[in-house]
Structure formats: structure tokens, C-alpha cells
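Heads up, input_24.cif below (mmCIF, C-alpha atoms and all ligand atoms):
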```
data_structure
#
loop_
_atom_site.group_PDB
_atom_site.id
_atom_site.type_symbol
_atom_site.label_atom_id
_atom_site.label_comp_id
_atom_site.auth_asym_id
_atom_site.auth_seq_id
_atom_site.Cartn_x
_atom_site.Cartn_y
_atom_site.Cartn_z
ATOM 1 C CA GLN A 1 173.138 41.071 47.123
ATOM 2 C CA ILE A 2 173.938 40.180 43.541
ATOM 3 C CA GLY A 3 177.229 38.646 44.670
ATOM 4 C CA LEU A 4 175.563 36.561 47.368
ATOM 5 C CA ASN A 5 172.234 35.662 45.786
ATOM 6 C CA VAL A 6 173.327 35.297 42.165
ATOM 7 C CA ALA A 7 177.086 34.940 41.594
ATOM 8 C CA SER A 8 177.818 32.728 44.615
ATOM 9 C CA LEU A 9 174.790 30.584 43.929
ATOM 10 C CA VAL A 10 175.971 29.921 40.379
ATOM 11 C CA ASP A 11 179.593 29.329 41.441
ATOM 12 C CA VAL A 12 178.681 26.878 44.215
ATOM 13 C CA THR A 13 176.178 25.085 42.005
ATOM 14 C CA ARG A 14 178.665 24.752 39.174
ATOM 15 C CA ALA A 15 181.341 23.453 41.558
ATOM 16 C CA PHE A 16 179.195 20.785 43.192
ATOM 17 C CA ILE A 17 176.237 19.816 41.039
ATOM 18 C CA GLY A 18 178.072 16.981 39.332
ATOM 19 C CA GLN A 19 178.791 15.356 42.705
ATOM 20 C CA LEU A 20 175.423 15.985 44.338
ATOM 21 C CA THR A 21 172.932 13.225 45.000
ATOM 22 C CA GLY A 22 169.641 13.456 46.831
ATOM 23 C CA VAL A 23 168.117 16.894 47.006
ATOM 24 C CA LEU A 24 169.155 20.438 46.115
ATOM 25 C CA VAL A 25 166.885 23.125 47.567
ATOM 26 C CA ASN A 26 167.585 26.741 46.644
ATOM 27 C CA ILE A 27 165.838 29.467 48.596
ATOM 28 C CA ALA A 28 164.125 31.958 46.339
ATOM 29 C CA SER A 29 161.285 34.142 47.653
ATOM 30 C CA SER A 30 157.642 34.945 47.012
ATOM 31 C CA LEU A 31 159.103 38.318 45.987
ATOM 32 C CA GLY A 32 160.835 36.590 43.083
ATOM 33 C CA TYR A 33 157.473 36.368 41.316
ATOM 34 C CA GLN A 34 157.093 40.092 40.716
ATOM 35 C CA PRO A 35 159.210 43.278 40.767
ATOM 36 C CA TRP A 36 159.590 44.863 44.204
ATOM 37 C CA PRO A 37 159.908 48.650 43.735
ATOM 38 C CA SER A 38 161.285 49.398 47.193
ATOM 39 C CA ALA A 39 163.898 46.638 46.984
ATOM 40 C CA ALA A 40 164.474 46.264 43.264
ATOM 41 C CA VAL A 41 167.791 44.429 43.485
ATOM 42 C CA TYR A 42 166.649 41.941 46.120
ATOM 43 C CA GLY A 43 163.475 41.072 44.190
ATOM 44 C CA ALA A 44 165.396 40.701 40.935
ATOM 45 C CA THR A 45 168.006 38.408 42.496
ATOM 46 C CA LYS A 46 165.224 36.192 43.823
ATOM 47 C CA ALA A 47 163.658 36.033 40.352
ATOM 48 C CA PHE A 48 167.080 34.804 39.224
ATOM 49 C CA VAL A 49 167.164 32.123 41.938
ATOM 50 C CA LEU A 50 163.693 30.957 40.940
ATOM 51 C CA ASN A 51 164.360 30.759 37.196
ATOM 52 C CA PHE A 52 167.878 29.358 37.567
ATOM 53 C CA THR A 53 166.692 26.606 39.905
ATOM 54 C CA GLU A 54 163.685 25.691 37.772
ATOM 55 C CA ALA A 55 166.057 25.282 34.818
ATOM 56 C CA LEU A 56 168.292 23.035 36.960
ATOM 57 C CA TRP A 57 165.211 20.980 37.867
ATOM 58 C CA GLN A 58 164.741 20.179 34.194
ATOM 59 C CA GLU A 59 168.452 19.633 33.546
ATOM 60 C CA SER A 60 168.698 17.208 36.482
ATOM 61 C CA ARG A 61 165.767 14.987 35.528
ATOM 62 C CA GLY A 62 166.830 11.391 35.342
ATOM 63 C CA THR A 63 170.081 11.987 37.251
ATOM 64 C CA GLY A 64 168.793 11.025 40.710
ATOM 65 C CA LEU A 65 169.190 14.595 41.975
ATOM 66 C CA ARG A 66 165.922 16.253 42.910
ATOM 67 C CA VAL A 67 165.950 20.060 42.624
ATOM 68 C CA LEU A 68 163.486 22.469 44.199
ATOM 69 C CA ALA A 69 163.173 26.261 44.288
ATOM 70 C CA LEU A 70 161.586 27.010 47.669
ATOM 71 C CA SER A 71 159.968 30.416 47.974
ATOM 72 C CA PRO A 72 159.152 31.536 51.492
ATOM 73 C CA GLY A 73 156.962 34.539 52.101
ATOM 74 C CA PRO A 74 157.637 36.693 55.182
ATOM 75 C CA THR A 75 159.159 34.358 57.769
ATOM 76 C CA ARG A 76 160.110 34.828 61.411
ATOM 77 C CA THR A 77 163.922 34.803 61.185
ATOM 78 C CA GLU A 78 166.644 37.419 61.730
ATOM 79 C CA PHE A 79 166.102 38.572 58.152
ATOM 80 C CA PHE A 80 164.237 41.812 58.900
ATOM 81 C CA ASP A 81 166.583 42.793 61.751
ATOM 82 C CA THR A 82 169.626 42.173 59.592
ATOM 83 C CA ALA A 83 168.143 44.101 56.686
ATOM 84 C CA GLY A 84 167.397 47.010 59.037
ATOM 85 C CA SER A 85 163.716 46.847 58.143
ATOM 86 C CA ASP A 86 162.155 45.149 61.147
ATOM 87 C CA ASN A 87 159.165 47.491 60.808
ATOM 88 C CA MET A 88 158.258 45.779 57.563
ATOM 89 C CA ALA A 89 157.443 42.585 59.407
ATOM 90 C CA ARG A 90 154.756 44.367 61.442
ATOM 91 C CA GLY A 91 151.203 43.573 60.433
ATOM 92 C CA VAL A 92 152.418 40.925 57.981
ATOM 93 C CA ARG A 93 151.493 37.242 58.180
ATOM 94 C CA LEU A 94 154.754 35.634 59.244
ATOM 95 C CA GLN A 95 155.401 31.932 58.862
ATOM 96 C CA THR A 96 157.818 30.071 61.106
ATOM 97 C CA PRO A 97 160.957 28.497 59.633
ATOM 98 C CA GLY A 98 159.447 25.129 60.589
ATOM 99 C CA GLN A 99 156.419 25.757 58.386
ATOM 100 C CA VAL A 100 158.668 26.661 55.465
ATOM 101 C CA VAL A 101 160.796 23.534 55.916
ATOM 102 C CA THR A 102 157.646 21.404 56.175
ATOM 103 C CA THR A 103 156.459 22.832 52.859
ATOM 104 C CA ALA A 104 159.738 21.833 51.242
ATOM 105 C CA LEU A 105 159.763 18.316 52.695
ATOM 106 C CA ARG A 106 156.130 17.656 51.803
ATOM 107 C CA THR A 107 156.742 18.886 48.274
ATOM 108 C CA LEU A 108 159.815 16.708 47.846
ATOM 109 C CA ASP A 109 157.845 13.707 49.147
ATOM 110 C CA ARG A 110 155.375 13.985 46.287
ATOM 111 C CA ARG A 111 155.565 11.290 43.641
ATOM 112 C CA ASN A 112 156.302 13.887 40.962
ATOM 113 C CA PRO A 113 157.634 17.037 42.706
ATOM 114 C CA PRO A 114 157.262 20.366 40.864
ATOM 115 C CA PRO A 115 160.287 22.597 40.102
ATOM 116 C CA SER A 116 159.221 25.199 42.650
ATOM 117 C CA VAL A 117 156.898 25.806 45.554
ATOM 118 C CA VAL A 118 155.688 28.844 47.488
ATOM 119 C CA SER A 119 155.326 28.307 51.228
ATOM 120 C CA GLY A 120 151.959 29.305 52.674
ATOM 121 C CA THR A 121 148.599 29.528 50.932
ATOM 122 C CA PHE A 122 148.357 33.310 51.326
ATOM 123 C CA ASN A 123 151.848 33.791 49.889
ATOM 124 C CA TRP A 124 151.044 31.448 47.024
ATOM 125 C CA VAL A 125 147.874 33.382 46.170
ATOM 126 C CA MET A 126 149.883 36.631 46.193
ATOM 127 C CA THR A 127 152.322 35.191 43.661
ATOM 128 C CA LEU A 128 149.419 34.332 41.348
ATOM 129 C CA THR A 129 148.350 37.955 40.893
ATOM 130 C CA SER A 130 151.154 38.632 38.429
ATOM 131 C CA ARG A 131 149.734 35.964 36.132
ATOM 132 C CA PHE A 132 146.371 37.665 35.809
ATOM 133 C CA THR A 133 147.383 41.304 35.383
ATOM 134 C CA THR A 134 149.503 43.271 32.930
ATOM 135 C CA ARG A 135 153.092 43.860 33.989
ATOM 136 C CA ARG A 136 152.326 47.576 34.317
ATOM 137 C CA ALA A 137 149.312 46.984 36.577
ATOM 138 C CA ASN A 138 151.235 44.440 38.594
ATOM 139 C CA VAL A 139 154.240 46.640 39.360
ATOM 140 C CA LEU A 140 152.025 49.662 40.100
ATOM 141 C CA ALA A 141 149.808 47.673 42.456
ATOM 142 C CA PHE A 142 152.705 46.007 44.219
ATOM 143 C CA GLY A 143 154.556 49.319 44.524
ATOM 144 C CA ALA A 144 151.482 50.986 46.018
ATOM 145 C CA MET A 145 150.993 48.129 48.462
ATOM 146 C CA THR A 146 154.622 48.362 49.583
ATOM 147 C CA GLN A 147 154.396 52.140 50.058
ATOM 148 C CA TRP A 148 151.238 51.724 52.110
ATOM 149 C CA GLN A 149 152.879 49.049 54.223
ATOM 150 C CA MET A 150 155.911 51.279 54.881
ATOM 151 C CA ARG A 151 153.722 54.239 55.881
ATOM 152 C CA SER A 152 151.530 52.158 58.174
ATOM 153 C CA SER A 153 154.506 50.479 59.836
ATOM 154 C CA GLY A 154 155.411 53.848 61.316
ATOM 155 C CA PRO A 155 158.669 55.745 61.800
ATOM 156 C CA GLY A 156 162.022 54.071 61.805
ATOM 157 C CA HIS A 157 161.953 52.620 58.322
HETATM 158 N N1 LIG B 1 162.860 35.670 56.356
HETATM 159 C C1 LIG B 1 162.102 35.986 55.324
HETATM 160 O O1 LIG B 1 161.058 36.666 55.449
HETATM 161 C C2 LIG B 1 162.457 35.482 53.940
HETATM 162 C C3 LIG B 1 161.482 35.515 52.935
HETATM 163 C C4 LIG B 1 161.800 35.047 51.670
HETATM 164 C C5 LIG B 1 163.064 34.541 51.419
HETATM 165 N N2 LIG B 1 163.994 34.522 52.404
HETATM 166 C C6 LIG B 1 165.330 33.981 52.087
HETATM 167 O O2 LIG B 1 165.661 32.952 52.984
HETATM 168 C C7 LIG B 1 167.085 32.839 53.035
HETATM 169 C C8 LIG B 1 167.524 32.725 54.467
HETATM 170 O O3 LIG B 1 167.256 33.958 55.119
HETATM 171 P P1 LIG B 1 166.719 34.029 56.622
HETATM 172 O O4 LIG B 1 165.321 34.499 56.600
HETATM 173 O O5 LIG B 1 166.996 32.743 57.331
HETATM 174 O O6 LIG B 1 167.566 35.228 57.159
HETATM 175 P P2 LIG B 1 168.652 35.299 58.334
HETATM 176 O O7 LIG B 1 168.076 34.706 59.572
HETATM 177 O O8 LIG B 1 169.100 36.721 58.352
HETATM 178 O O9 LIG B 1 169.823 34.347 57.813
HETATM 179 C C9 LIG B 1 170.630 34.737 56.725
HETATM 180 C C10 LIG B 1 171.796 33.776 56.617
HETATM 181 O O10 LIG B 1 172.612 34.183 55.493
HETATM 182 C C11 LIG B 1 173.959 34.259 55.934
HETATM 183 N N3 LIG B 1 174.646 35.305 55.173
HETATM 184 C C12 LIG B 1 174.334 36.620 55.099
HETATM 185 N N4 LIG B 1 175.213 37.285 54.330
HETATM 186 C C13 LIG B 1 176.117 36.359 53.920
HETATM 187 C C14 LIG B 1 177.264 36.413 53.094
HETATM 188 N N5 LIG B 1 177.653 37.557 52.514
HETATM 189 N N6 LIG B 1 177.939 35.269 52.868
HETATM 190 C C15 LIG B 1 177.541 34.111 53.411
HETATM 191 N N7 LIG B 1 176.448 33.996 54.199
HETATM 192 C C16 LIG B 1 175.740 35.098 54.442
HETATM 193 C C17 LIG B 1 173.877 34.584 57.406
HETATM 194 O O11 LIG B 1 175.040 34.139 58.020
HETATM 195 P P3 LIG B 1 175.529 34.796 59.431
HETATM 196 O O12 LIG B 1 174.497 34.470 60.435
HETATM 197 O O13 LIG B 1 176.852 34.127 59.658
HETATM 198 O O14 LIG B 1 175.627 36.267 59.177
HETATM 199 C C18 LIG B 1 172.674 33.787 57.854
HETATM 200 O O15 LIG B 1 173.013 32.440 58.143
HETATM 201 C C19 LIG B 1 167.661 34.058 52.300
HETATM 202 O O16 LIG B 1 168.038 33.654 50.999
HETATM 203 C C20 LIG B 1 166.459 34.997 52.204
HETATM 204 O O17 LIG B 1 166.552 35.837 51.074
HETATM 205 C C21 LIG B 1 163.729 34.973 53.671
#
```
As C-alpha cells, the full file:
Amino acid sequence: QIGLNVASLVDVTRAFIGQLTGVLVNIASSLGYQPWPSAAVYGATKAFVLNFTEALWQESRGTGLRVLALSPGPTRTEFFDTAGSDNMARGVRLQTPGQVVTTALRTLDRRNPPPSVVSGTFNWVMTLTSRFTTRRANVLAFGAMTQWQMRSSGPGH
């Protein structure tokens, strides 16, 4: 995960950013906004994607390249099957890939696009909680929520 989400992202960006025009959208995650105790590495790599891309947004200002960190929440793709955690998608508000892409396009169409966007109002509100709690309270609450979700999604996880 670190190789794919962090090292490759940096390598590909470094190789091409000087030649890019138009738009660069990197896919972070709503889970990049707080630690994820049951998937610590995944959550941390997405925090990297978010922070790395926001820094590129600033570095690219005035170059003609528009940069955006797009953070989907749970989305109906092959992600959960591939990760072997399809149970986790149960009982969760899933967006469609189309909704996520629409979020990105609408954001990029703004006169002054922000460095990052979270797709879906519910997902966005969830990412705000870390701003209003201590880091201890945040990781404990998120850990408890994840444990509860795993228990209620039944056997197989
Ligand atoms: N779905 C969600 O709930 C969700 C939420 C937040 C963020 N995201 C992020 O959205 C992005 C896209 O995921 P997705 O939901 O579309 O999942 P997906 O349907 O499982 O697609 C994952 C894609 O990554 C490719 N891939 C996997 N391992 C690779 C590797 N080692 N090298 C090169 N390519 C590799 C796969 O290629 P192959 O098909 O050839 O294997 C596939 O095209 C990911 O960065 C994910 O972290 C997803």
C-alpha cells in the first residue's frame, strides 16, 4: 500500500508534473482526514496523498496546471471486494463513481478551486469531526465506530 499509494504517486508526479497541463486529480480518501485504527497503513497513506497534493496545489499556482485532492467516502466500486472486506460496505452510505466524478468536475469548474474536496455532504461532515475534538478523542471515537461497524456487519470479516 505504501508502494502504490505513496512511492508510486511521488515517482509518477515527479516524472510528469513538469510536462502536465490542464488538471491533476489525485485520489485521497475521507479516511485521510483521521487515523483509521483497523487499517492504519491505508489511512496514513491517504493522509499522505491529501497533504502531498495540497502542497502541489500551492506549488502549481500560476503554472496553468490545476491540482485537486479528491477524497471519496465509501463508493460502489470493486474496492471492498478486492480488499476482502465487502462486509464493511454493508449499512454504509455508498456513493456511485459518477457522483464522485461530478464532485471533482464541479469543484474544478469553480472560479477559484480549493486544494481538496470531499465527495458527499455526509462524508464531508465526518471529516470535520477531527477539527473539533482532541486527537485522542478523535482516534478513540473513530476506532470505536469502526469496531462497531465490523461487529454489526456480521461474520466473514
Ligand atoms: N471505493 C471506495 O470506497 C474508495 C473510498 C475512498 C478512496 N478510494 C480510492 O479510490 C481509488 C480507486 O479505487 P476504486 O474504489 O476505484 O477501487 P477498485 O475498483 O478496486 O480499483 C482499483 C484500481 O487500482 C488498480 N490497482 C490496484 N493495485 C495496483 C497496483 N499495485 N498497481 C497498479 N494499479 C493497481 C486496479 O487495477 P486492476 O483492475 O488492473 O487490478 C484498479 O484499476 C483508490 O486510490 C482508493 O484508495 C476508494
Using the chain letters and numbering of this document, enumerate as a VMD selection string the residues selected by the PyMOL selection byres (((chain A and resi 52) around 12) and not hetatm).
chain A and resid 5 to 7 9 to 10 13 to 14 25 to 28 32 45 to 51 53 to 59 67 to 69 115 to 116
Using only C-alpha atoms and all ligand atoms, determine which residues fall within 10 Å of ligand LIG 1 (chain B), then list them as JSON, numbers by chain.
{"A": [1, 3, 4, 5, 8, 26, 27, 28, 29, 30, 31, 32, 42, 43, 45, 46, 49, 70, 71, 72, 73, 74, 75, 76, 77, 78, 79, 80, 81, 82, 83, 88, 89, 92, 93, 94, 95, 96, 97, 100, 118, 119]}
Counting all atoms listed in the file, the option among A:Gln34, A:Asn112, A:Asp11, A:Ala144 closest to A:Met126:
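Comparing A:Gln34, A:Asn112, A:Asp11, A:Ala144 against A:Met126, the winner is A:Gln34.
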Write out as a PDB file with C-alpha atoms, keeping the file's coordinate frame the residues lying within 7 Å of stretch 132-143 of chain A, counting all atoms listed in the file and excluding same-chain residues fewer than 2 positions away.
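File written: result10.pdb
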```pdb
ATOM      1  CA  PRO A  35     159.210  43.278  40.767  1.00  0.00           C
ATOM      2  CA  TRP A  36     159.590  44.863  44.204  1.00  0.00           C
ATOM      3  CA  PRO A  37     159.908  48.650  43.735  1.00  0.00           C
ATOM      4  CA  THR A 129     148.350  37.955  40.893  1.00  0.00           C
ATOM      5  CA  SER A 130     151.154  38.632  38.429  1.00  0.00           C
ATOM      6  CA  MET A 145     150.993  48.129  48.462  1.00  0.00           C
ATOM      7  CA  THR A 146     154.622  48.362  49.583  1.00  0.00           C
ATOM      8  CA  GLN A 147     154.396  52.140  50.058  1.00  0.00           C
TER       9      GLN A 147
END
```
Distance atom CA of A:Arg66-atom CA of A:Arg106, one decimal place?
13.3 Å
